[in-house]
Amino acid sequence: YLHGLGHFHPEVEITNRFLEDLDIGTTDAWILERVGIRARRTLLPLDYIRDTRNRDPRVASEAMLYGNAETGRRAAEMAIARAGIDRGDIGMVISGSSAPDMVTPADACTIAAALGLEVPCFDVNSACTSFHVAMHLLAMMDPEKVPRFVLSVVPEGVTRTVDSSDRTAAVLWGDGTAAAVLSTREPGRARILGNTLDFLRRSAGVEEAAIFRRQGRSWVSLASTLRDQNSPSLDAIGDAMATKACRENDLVTWAGLWHHTQPKHRASKSHLPD
């Protein structure tokens, strides 16, 4: 069951005009035509990006305005408040992302510490599908042995891994953190009907991921390939959400890779149910 969602977006924006001024061979029109993005948030100061193009991502960790513990705390506090519970009701913290702050301790531990929680914590890092995989893991657990409320946090600070002199990568990536209060046994405002890991069978991009530098051309190519394979559109998702089951506050989860495969689509507010 889903009890509350929270988010945090860094204040600093990388606009298309900023990227154009970097003189990396891109323009606002070029970006809009290919990926449909006008701006993206970043944990990095613009002066740092302008001066260094982040050619050495190892330095970016020192330049970041926020770490995952802080962004995770802010998103989690919103999720907990929206769930209508006290932070002391959280009995477990799970985190996962494409760019954890460090190998050890786990991001879940540092986020829990920032919240003042002394509870079991662990990471489930599965890149862009980390939140989906964490829910799948919870669904396989014995509900009676899981704490009443579980906090799942996905702190994404991927711009620190991006070479901003590479126009095919710099135009794509942005930072943001999401959090959710979940329960395997306490009925909430929405019910997750089910999920699957079948979509994780695709292995495209494994070689690029091994060195953990964002290869924009490969991702755009992957997006085009998945679109050609009839991955779900926003219209299809909106139609499913409008079914009777969803109007009764059930929540259908969709493959986490969808947001990479439909870069030009934007949801129309009128199409999705309230």
# chains A, B, ... in the order shown; residues from 1 in each chain; ligands from 1
$ closest_atom_pairs --of "stretch 36-62 of chain A" --to "stretch 176-193 of chain A" --cutoff "9 Å" --atoms "only C-alpha atoms" --output "tab-separated table"
residue	atom	partner	partner_atom	distance
A:Arg41	CA	A:Gly176	CA	7.1
A:Thr42	CA	A:Gly176	CA	7.8
A:Leu43	CA	A:Gly176	CA	8.5
$ atom_distance --atom1 "atom CA of A:Pro120" --atom2 "atom CA of A:Glu62"
28.4 Å
$ residues_around --residues "A:Glu13" --least-positions-apart "2" --cutoff "10 Å" --atoms "only C-alpha atoms" --output "compact mmCIF listing (two decimals) with N, CA, C and O atoms, in the first residue's frame"
# COMPACT_ATOMS: atom_id res chain seq x y z
N HIS A 9 13.65 18.76 -5.47
CA HIS A 9 14.37 19.13 -6.68
C HIS A 9 15.34 20.26 -6.34
O HIS A 9 14.94 21.27 -5.74
N PRO A 10 16.62 20.12 -6.68
CA PRO A 10 17.58 21.20 -6.42
C PRO A 10 17.13 22.51 -7.07
O PRO A 10 16.44 22.50 -8.09
N GLU A 11 17.54 23.61 -6.47
CA GLU A 11 17.11 24.91 -6.97
C GLU A 11 17.79 25.29 -8.28
O GLU A 11 17.24 26.05 -9.09
N THR A 15 19.49 25.25 -18.01
CA THR A 15 18.57 25.53 -19.11
C THR A 15 19.25 25.21 -20.44
O THR A 15 20.48 25.08 -20.53
N ASN A 16 18.45 25.11 -21.48
CA ASN A 16 19.03 24.90 -22.81
C ASN A 16 19.91 26.08 -23.20
O ASN A 16 20.92 25.89 -23.89
N PHE A 18 21.76 27.83 -21.19
CA PHE A 18 23.04 27.64 -20.50
C PHE A 18 23.92 26.66 -21.29
O PHE A 18 25.12 26.92 -21.48
N ALA A 39 14.71 22.31 -19.61
CA ALA A 39 15.58 22.57 -18.47
C ALA A 39 15.65 21.33 -17.62
O ALA A 39 14.76 20.47 -17.66
N ARG A 40 16.73 21.22 -16.85
CA ARG A 40 16.89 20.11 -15.93
C ARG A 40 17.58 20.63 -14.67
O ARG A 40 18.35 21.59 -14.71
N ARG A 41 17.26 20.04 -13.51
CA ARG A 41 17.84 20.47 -12.23
C ARG A 41 19.18 19.79 -12.00
O ARG A 41 19.44 18.70 -12.50
N THR A 42 20.03 20.44 -11.19
CA THR A 42 21.35 19.87 -10.89
C THR A 42 21.77 20.17 -9.46
O THR A 42 21.40 21.23 -8.91
N LEU A 43 22.52 19.26 -8.87
CA LEU A 43 23.11 19.47 -7.55
C LEU A 43 24.41 20.26 -7.63
O LEU A 43 24.96 20.63 -6.59
N LEU A 44 24.87 20.54 -8.83
CA LEU A 44 26.15 21.21 -9.03
C LEU A 44 25.96 22.70 -9.25
O LEU A 44 24.99 23.12 -9.90
N PRO A 45 26.87 23.55 -8.76
CA PRO A 45 26.81 24.99 -9.08
C PRO A 45 27.05 25.20 -10.57
O PRO A 45 27.89 24.52 -11.18
N LEU A 46 26.35 26.16 -11.15
CA LEU A 46 26.54 26.43 -12.57
C LEU A 46 27.95 26.91 -12.88
O LEU A 46 28.49 26.60 -13.95
N GLY A 174 19.25 15.10 -15.41
CA GLY A 174 18.94 16.05 -14.35
C GLY A 174 18.88 15.33 -13.03
O GLY A 174 18.90 14.09 -12.96
N ASP A 175 18.79 16.09 -11.93
CA ASP A 175 18.81 15.53 -10.58
C ASP A 175 17.47 15.74 -9.87
O ASP A 175 16.80 16.76 -10.08
$ atom_distance --atom1 "atom CA of A:Met140" --atom2 "atom CA of A:Tyr1"
13.6 Å
$ closest_residue --among "A:Met78, A:Ile90, A:Leu19, A:Ile49" --to "A:Arg148" --atoms "only C-alpha atoms"
A:Ile90
$ residues_around --residues "A:Ile94" --least-positions-apart "3" --cutoff "10 Å" --atoms "only C-alpha atoms" --output "list in words"
Ala106, Asp107, Ala108, Cys109, Ile111, Ala112, Pro120, Cys121, Phe122, Asp123, Val124, Asn125, Ser130, Phe131, Ala134, Met135, Leu138, Val150, Leu151, Ser152, Val153, Val154, Ala179 and Ala180 of chain A
$ write_last_selection --atoms "N, CA and C atoms" --output "compact mmCIF listing (two decimals), in the first residue's frame"
# COMPACT_ATOMS: atom_id res chain seq x y z
N ALA A 106 25.67 2.56 3.33
CA ALA A 106 24.61 2.66 2.33
C ALA A 106 23.92 4.01 2.44
N ASP A 107 23.41 4.51 1.31
CA ASP A 107 22.65 5.76 1.33
C ASP A 107 21.47 5.68 2.30
N ALA A 108 20.85 4.49 2.39
CA ALA A 108 19.72 4.32 3.31
C ALA A 108 20.14 4.64 4.74
N CYS A 109 21.36 4.28 5.10
CA CYS A 109 21.85 4.54 6.46
C CYS A 109 22.05 6.03 6.70
N ILE A 111 20.62 8.51 5.09
CA ILE A 111 19.31 9.17 5.06
C ILE A 111 18.58 8.96 6.38
N ALA A 112 18.62 7.73 6.88
CA ALA A 112 17.99 7.44 8.17
C ALA A 112 18.63 8.27 9.28
N PRO A 120 16.41 -0.65 10.75
CA PRO A 120 17.12 -1.39 9.70
C PRO A 120 17.15 -0.59 8.40
N CYS A 121 18.30 -0.59 7.73
CA CYS A 121 18.48 0.18 6.49
C CYS A 121 19.30 -0.64 5.50
N PHE A 122 18.95 -0.54 4.23
CA PHE A 122 19.77 -1.17 3.20
C PHE A 122 19.46 -0.53 1.85
N ASP A 123 20.40 -0.69 0.92
CA ASP A 123 20.25 -0.16 -0.43
C ASP A 123 19.88 -1.27 -1.41
N VAL A 124 19.07 -0.91 -2.38
CA VAL A 124 18.79 -1.77 -3.54
C VAL A 124 19.07 -0.91 -4.77
N ASN A 125 20.27 -0.99 -5.29
CA ASN A 125 20.68 -0.15 -6.41
C ASN A 125 20.46 -0.89 -7.72
N SER A 130 15.38 1.44 -9.50
CA SER A 130 15.61 1.11 -8.10
C SER A 130 14.33 1.13 -7.27
N PHE A 131 13.48 2.13 -7.46
CA PHE A 131 12.25 2.22 -6.67
C PHE A 131 11.32 1.05 -7.01
N ALA A 134 12.69 -2.09 -5.41
CA ALA A 134 12.46 -2.08 -3.96
C ALA A 134 11.03 -2.50 -3.63
N MET A 135 10.06 -2.00 -4.40
CA MET A 135 8.66 -2.40 -4.18
C MET A 135 8.47 -3.89 -4.44
N LEU A 138 9.80 -5.80 -1.47
CA LEU A 138 8.86 -5.74 -0.35
C LEU A 138 7.67 -6.67 -0.57
N VAL A 150 7.36 1.39 5.85
CA VAL A 150 8.69 1.34 5.25
C VAL A 150 8.88 2.60 4.40
N LEU A 151 10.04 3.21 4.52
CA LEU A 151 10.38 4.40 3.72
C LEU A 151 11.30 3.98 2.59
N SER A 152 10.89 4.25 1.35
CA SER A 152 11.71 3.97 0.18
C SER A 152 12.12 5.30 -0.45
N VAL A 153 13.43 5.49 -0.64
CA VAL A 153 13.96 6.77 -1.14
C VAL A 153 14.85 6.52 -2.35
N VAL A 154 14.69 7.37 -3.37
CA VAL A 154 15.54 7.28 -4.56
C VAL A 154 16.20 8.64 -4.80
N ALA A 179 10.58 9.99 -2.69
CA ALA A 179 10.44 9.14 -1.50
C ALA A 179 8.99 8.68 -1.39
N ALA A 180 8.82 7.52 -0.81
CA ALA A 180 7.47 6.97 -0.62
C ALA A 180 7.39 6.25 0.71
$ atom_distance --atom1 "atom CA of A:Tyr66" --atom2 "atom CA of A:Gly157"
9.0 Å
$ closest_residue --among "A:Leu5, A:Met141, A:Val158, A:Leu32" --to "A:Ala81" --atoms "only C-alpha atoms"
A:Leu5
$ closest_residue --among "A:Asn54, A:Thr129, A:Ala79, A:Gly6" --to "A:Ala169" --atoms "only C-alpha atoms"
A:Asn54
$ closest_atom_pairs --of "stretch 113-155 of chain A" --to "stretch 84-88 of chain A" --cutoff "12 Å" --atoms "only C-alpha atoms" --output "JSON lines"
{"residue": "A:Ala113", "atom": "CA", "partner": "A:Arg87", "partner_atom": "CA", "distance": 11.9}
{"residue": "A:Ala114", "atom": "CA", "partner": "A:Arg87", "partner_atom": "CA", "distance": 11.5}
{"residue": "A:Leu115", "atom": "CA", "partner": "A:Arg87", "partner_atom": "CA", "distance": 7.7}
{"residue": "A:Gly116", "atom": "CA", "partner": "A:Arg87", "partner_atom": "CA", "distance": 8.6}
{"residue": "A:Leu117", "atom": "CA", "partner": "A:Gly88", "partner_atom": "CA", "distance": 7.1}
{"residue": "A:Glu118", "atom": "CA", "partner": "A:Gly88", "partner_atom": "CA", "distance": 9.2}
{"residue": "A:Val119", "atom": "CA", "partner": "A:Gly88", "partner_atom": "CA", "distance": 9.5}
{"residue": "A:Pro147", "atom": "CA", "partner": "A:Gly88", "partner_atom": "CA", "distance": 11.7}
{"residue": "A:Arg148", "atom": "CA", "partner": "A:Gly88", "partner_atom": "CA", "distance": 11.2}
{"residue": "A:Phe149", "atom": "CA", "partner": "A:Ile85", "partner_atom": "CA", "distance": 9.3}
{"residue": "A:Val150", "atom": "CA", "partner": "A:Arg87", "partner_atom": "CA", "distance": 10.5}
{"residue": "A:Leu151", "atom": "CA", "partner": "A:Arg87", "partner_atom": "CA", "distance": 9.6}
$ write_last_selection --atoms "all heavy atoms" --output "tab-separated table (two decimals), in the first residue's frame"
chain	number	residue	atom	x	y	z
A	113	ALA	N	19.95	8.39	9.24
A	113	ALA	CA	20.64	9.20	10.25
A	113	ALA	C	20.21	10.66	10.17
A	113	ALA	O	20.02	11.33	11.19
A	113	ALA	CB	22.15	9.07	10.07
A	114	ALA	N	20.06	11.18	8.94
A	114	ALA	CA	19.62	12.56	8.76
A	114	ALA	C	18.21	12.78	9.31
A	114	ALA	O	17.86	13.88	9.73
A	114	ALA	CB	19.68	12.95	7.29
A	115	LEU	N	17.41	11.71	9.31
A	115	LEU	CA	16.04	11.78	9.83
A	115	LEU	C	15.98	11.47	11.33
A	115	LEU	O	14.91	11.54	11.93
A	115	LEU	CB	15.14	10.79	9.08
A	115	LEU	CG	14.83	11.13	7.62
A	115	LEU	CD1	14.21	9.91	6.92
A	115	LEU	CD2	13.90	12.33	7.53
A	116	GLY	N	17.11	11.08	11.90
A	116	GLY	CA	17.14	10.72	13.31
A	116	GLY	C	16.52	9.36	13.60
A	116	GLY	O	16.01	9.13	14.69
A	117	LEU	N	16.59	8.45	12.62
A	117	LEU	CA	15.99	7.13	12.77
A	117	LEU	C	17.05	6.07	13.06
A	117	LEU	O	18.11	6.05	12.42
A	117	LEU	CB	15.23	6.74	11.50
A	117	LEU	CG	14.05	7.63	11.09
A	117	LEU	CD1	13.47	7.15	9.77
A	117	LEU	CD2	12.99	7.64	12.18
A	118	GLU	N	16.76	5.20	14.01
A	118	GLU	CA	17.60	4.04	14.31
A	118	GLU	C	16.80	2.80	13.93
A	118	GLU	O	16.16	2.17	14.77
A	118	GLU	CB	17.99	4.02	15.79
A	118	GLU	CG	18.98	5.09	16.19
A	118	GLU	CD	20.41	4.75	15.77
A	118	GLU	OE1	20.64	3.58	15.37
A	118	GLU	OE2	21.27	5.65	15.80
A	119	VAL	N	16.80	2.46	12.65
A	119	VAL	CA	16.00	1.34	12.13
A	119	VAL	C	16.84	0.56	11.12
A	119	VAL	O	17.87	1.05	10.66
A	119	VAL	CB	14.71	1.86	11.46
A	119	VAL	CG1	13.82	2.58	12.47
A	119	VAL	CG2	15.04	2.78	10.27
A	147	PRO	N	8.21	-4.27	9.07
A	147	PRO	CA	7.68	-3.17	9.90
A	147	PRO	C	6.42	-2.57	9.29
A	147	PRO	O	6.20	-2.63	8.07
A	147	PRO	CB	8.84	-2.17	9.91
A	147	PRO	CG	10.05	-2.99	9.69
A	147	PRO	CD	9.63	-4.09	8.77
A	148	ARG	N	5.62	-1.96	10.13
A	148	ARG	CA	4.33	-1.43	9.69
A	148	ARG	C	4.49	-0.43	8.55
A	148	ARG	O	3.73	-0.45	7.59
A	148	ARG	CB	3.64	-0.77	10.89
A	148	ARG	CG	2.23	-0.28	10.60
A	148	ARG	CD	1.65	0.35	11.84
A	148	ARG	NE	0.36	0.98	11.59
A	148	ARG	CZ	-0.11	2.01	12.27
A	148	ARG	NH1	0.62	2.52	13.26
A	148	ARG	NH2	-1.28	2.54	11.98
A	149	PHE	N	5.47	0.47	8.65
A	149	PHE	CA	5.71	1.45	7.60
A	149	PHE	C	7.16	1.37	7.15
A	149	PHE	O	8.08	1.32	7.98
A	149	PHE	CB	5.39	2.87	8.07
A	149	PHE	CG	3.93	3.10	8.33
A	149	PHE	CD1	3.46	3.22	9.64
A	149	PHE	CD2	3.02	3.19	7.29
A	149	PHE	CE1	2.11	3.44	9.88
A	149	PHE	CE2	1.67	3.39	7.53
A	149	PHE	CZ	1.22	3.51	8.82
A	150	VAL	N	7.36	1.39	5.85
A	150	VAL	CA	8.69	1.34	5.25
A	150	VAL	C	8.88	2.60	4.40
A	150	VAL	O	7.98	3.00	3.65
A	150	VAL	CB	8.86	0.09	4.37
A	150	VAL	CG1	10.22	0.10	3.67
A	150	VAL	CG2	8.67	-1.17	5.20
A	151	LEU	N	10.04	3.21	4.52
A	151	LEU	CA	10.38	4.40	3.72
A	151	LEU	C	11.30	3.98	2.59
A	151	LEU	O	12.36	3.39	2.82
A	151	LEU	CB	11.07	5.44	4.60
A	151	LEU	CG	11.57	6.70	3.89
A	151	LEU	CD1	10.40	7.54	3.36
A	151	LEU	CD2	12.44	7.54	4.84
$ select_by_dssp --residues "stretch 63-132 of chain A" --states "strand (DSSP E)" --output "VMD selection string"
chain A and resid 90 to 95 121 to 123
$ write_last_selection --atoms "N, CA, C and O atoms" --output "compact mmCIF listing (two decimals), in the first residue's frame"
# COMPACT_ATOMS: atom_id res chain seq x y z
N ILE A 90 8.25 5.01 11.12
CA ILE A 90 9.01 4.33 10.08
C ILE A 90 9.86 3.24 10.72
O ILE A 90 10.65 3.49 11.63
N GLY A 91 9.71 2.00 10.22
CA GLY A 91 10.43 0.88 10.80
C GLY A 91 11.56 0.34 9.96
O GLY A 91 12.33 -0.52 10.41
N MET A 92 11.70 0.84 8.72
CA MET A 92 12.77 0.38 7.84
C MET A 92 12.96 1.40 6.73
O MET A 92 11.99 2.04 6.30
N VAL A 93 14.20 1.57 6.28
CA VAL A 93 14.51 2.50 5.20
C VAL A 93 15.24 1.75 4.09
O VAL A 93 16.23 1.04 4.34
N ILE A 94 14.73 1.90 2.86
CA ILE A 94 15.37 1.33 1.68
C ILE A 94 15.72 2.49 0.75
O ILE A 94 14.91 3.38 0.53
N SER A 95 16.92 2.46 0.20
CA SER A 95 17.32 3.48 -0.76
C SER A 95 17.90 2.80 -1.99
O SER A 95 18.32 1.64 -1.93
N CYS A 121 18.30 -0.59 7.73
CA CYS A 121 18.48 0.18 6.49
C CYS A 121 19.30 -0.64 5.50
O CYS A 121 20.24 -1.32 5.88
N PHE A 122 18.95 -0.54 4.23
CA PHE A 122 19.77 -1.17 3.20
C PHE A 122 19.46 -0.53 1.85
O PHE A 122 18.41 0.08 1.66
N ASP A 123 20.40 -0.69 0.92
CA ASP A 123 20.25 -0.16 -0.43
C ASP A 123 19.88 -1.27 -1.41
O ASP A 123 20.33 -2.41 -1.28
